[in-house]
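Q: Below you'll find the structure I mean.
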Amino acid sequence: MGKLFDLESPLFSFLNKFADLIYLNILTMICCIPIITIGASMTALNYVVLKMVRNEEGYITRAFFRSFKQNFKQATLIWLVLLVIVGILAGDAFILNYSTVAFPSWFRTALAVVAFIMIFATMHVFPVLAKFENSIKHTFKNSLFMGILSLPKTILMMVCWAVPAVILIFFFRAFPIVFVLGISGPAFVCALLYNKTFKRFEPEEDTGDGEWASDSIEETDRTESIK
């Protein structure tokens, strides 16, 4: 019984991570308020949750703002690109629903398919940016590559991010749960899913000849240990 309440017990480890996720969720929401900083906030969030999955989290606040500052420029540009794409798709959807012009039925289907592909292709964007150093072009490219490489997990990631929205629509009384875990919760579960995929492309131990024994994707570990 004493081991159950030991500070090193699985119960306390779970409660500690749970508390960290609540704090991380609130921190992310606060940093997303300016809207323009959403990209940097999501990148920092993914940086921290991956550390949590690997039990390397250290100081949450320090790790979050380190990644936020380091990736701010690229994350903001990527976020603006995504906003433009979403704006175009939303505009097309509005025209389809409210225009007096009769569009063919296949056009609506094509728009839905494009929207799905866009979400699929960008599912790994901020995690990839948080972990690997790349140009914006290669960040998008590698995000799509990893999405295809781990197709079932990518679909599960999409489901994870959809769950909070579904809960709010059909079970609004669960809003407090969404408020404290609606962002960090899905991000943590997604990190559990893409963790092994990322490890395939991270530098391994030096082979002795100065080269890293890793796959050919263009990347390097962006940050050092936060501890």
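Chain labels run A, B, ... following the order of the structure tokens; each chain numbers its residues from 1, and ligands are numbered from 1 in the order shown.
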Using only C-alpha atoms, I'd like a table of the residues in stretch 154-195 of chain A that come within 10 Å of stretch 101-120 of chain A; for each, show the closest atom pair and its distance in Å rounded to one decimal, ordered by chain and ascending number, as JSON lines.
A:
```
{"residue": "A:Thr154", "atom": "CA", "partner": "A:Phe120", "partner_atom": "CA", "distance": 7.2}
{"residue": "A:Ile155", "atom": "CA", "partner": "A:Phe120", "partner_atom": "CA", "distance": 7.6}
{"residue": "A:Met157", "atom": "CA", "partner": "A:Phe120", "partner_atom": "CA", "distance": 9.2}
{"residue": "A:Met158", "atom": "CA", "partner": "A:Phe120", "partner_atom": "CA", "distance": 7.4}
```
Q: Using only C-alpha atoms, tabulate the residues of stretch 101-211 of chain A lying at most 7 Å from any atom of stretch 12-36 of chain A, each with its closest atom pair and that distance in Å to one decimal, by chain and increasing residue number, as a Markdown table.
A:
```
| residue | atom | partner | partner_atom | distance |
| --- | --- | --- | --- | --- |
| A:Val180 | CA | A:Ile22 | CA | 5.2 |
| A:Leu181 | CA | A:Ile22 | CA | 5.8 |
| A:Ile183 | CA | A:Asn25 | CA | 5.8 |
| A:Ser184 | CA | A:Asn25 | CA | 4.9 |
| A:Gly185 | CA | A:Leu21 | CA | 6.8 |
```
Q: A:Val128: which residues within 9 Å, counting only C-alpha atoms, same-chain residues fewer than 3 positions away excluded, as a PyMOL selection string?
A: chain A and resi 43+46+124-125+131-134+139-140+142-143+198
Q: Can you tell me, as a list of chain:residue names, what residues are no more than 9 Å from A:Ile78 when counting only C-alpha atoms, ignoring any on the same chain fewer than 5 positions away?
A: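 Residues meeting the cut-off are A:Gly39, A:Lys73, A:Leu83, A:Val125, A:Phe126, A:Ile136, A:Phe140.
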Q: Would you mind reading off the distance between atom CA of A:Val159 and atom CA of A:Gln70, one decimal, in Å?
A: 29.2 Å
Q: Near A:Lys141, within 12 Å and counting only C-alpha atoms, which residues show up once chain neighbours fewer than 3 positions away are dropped, as an MDAnalysis selection string?
A: chainID A and resid 121:125 128:129 134:138 144:148 217:219
Q: Apply DSSP to the structure's backbone, then extract all residues of stretch 67-200 of chain A labelled alpha helix (DSSP H) and return them as a ChimeraX atom specification.
A: /A:67-70,72-98,105-122,125-131,136-149,151-170,175-181,184-199
Q: By how many Å are atom CA of A:Thr76 and atom CA of A:Ile38 apart?
A: 7.5 Å
Q: Which polymer residues have any atom within 10 Å of an atom of A:Val163, counting only C-alpha atoms, with same-chain residues fewer than 4 positions away left out, as a ChimeraX atom specification?
A: /A:158-159,167-169,178,182,186
Q: Write out the residues from the selection above, keeping C-alpha atoms, as a PDB file, in the first residue's frame.
A:
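The resulting file, part-v7.pdb, is shown below:
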```pdb
ATOM      1  CA  MET A 158      -7.026  13.323 -37.031  1.00  0.00           C
ATOM      2  CA  VAL A 159      -9.628  11.566 -34.883  1.00  0.00           C
ATOM      3  CA  ILE A 167     -17.630  16.744 -27.380  1.00  0.00           C
ATOM      4  CA  LEU A 168     -18.373  20.466 -27.447  1.00  0.00           C
ATOM      5  CA  ILE A 169     -21.042  20.050 -30.122  1.00  0.00           C
ATOM      6  CA  VAL A 178     -12.191  20.335 -22.963  1.00  0.00           C
ATOM      7  CA  GLY A 182      -8.789  19.968 -25.169  1.00  0.00           C
ATOM      8  CA  PRO A 186      -4.913  15.267 -28.158  1.00  0.00           C
TER       9      PRO A 186
END
```
Q: Pick from A:Gln74, A:Asn195, A:Ser150, A:Thr37: nearest to A:Val49, with only C-alpha atoms counted?
A: A:Asn195
Q: For a quick check of understanding, using only C-alpha atoms, which of A:Val81, A:Phe94, A:Met52, A:Asn71 has the smallest distance to A:Val189?
A: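 So, comparing all the options, the nearest one is A:Met52.
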Q: Taking only C-alpha atoms into account, which of A:Phe175, A:Leu50, A:Ala44, A:Lys69 comes nearest A:Thr197?
A: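 Going through A:Phe175, A:Leu50, A:Ala44, A:Lys69 one by one, the smallest distance to A:Thr197 is for A:Leu50.
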Q: Would you please work out which residue, of A:Ala130, A:Ala75, A:Pro176, A:Phe171, is nearest to A:Lys51 when using only C-alpha atoms?
A: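 For A:Lys51, the nearest of the candidates is A:Ala130.
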Q: By how many Å are atom CA of A:Ala40 and atom CA of A:Lys153 apart?
A: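 It comes out at 23.8 Å.
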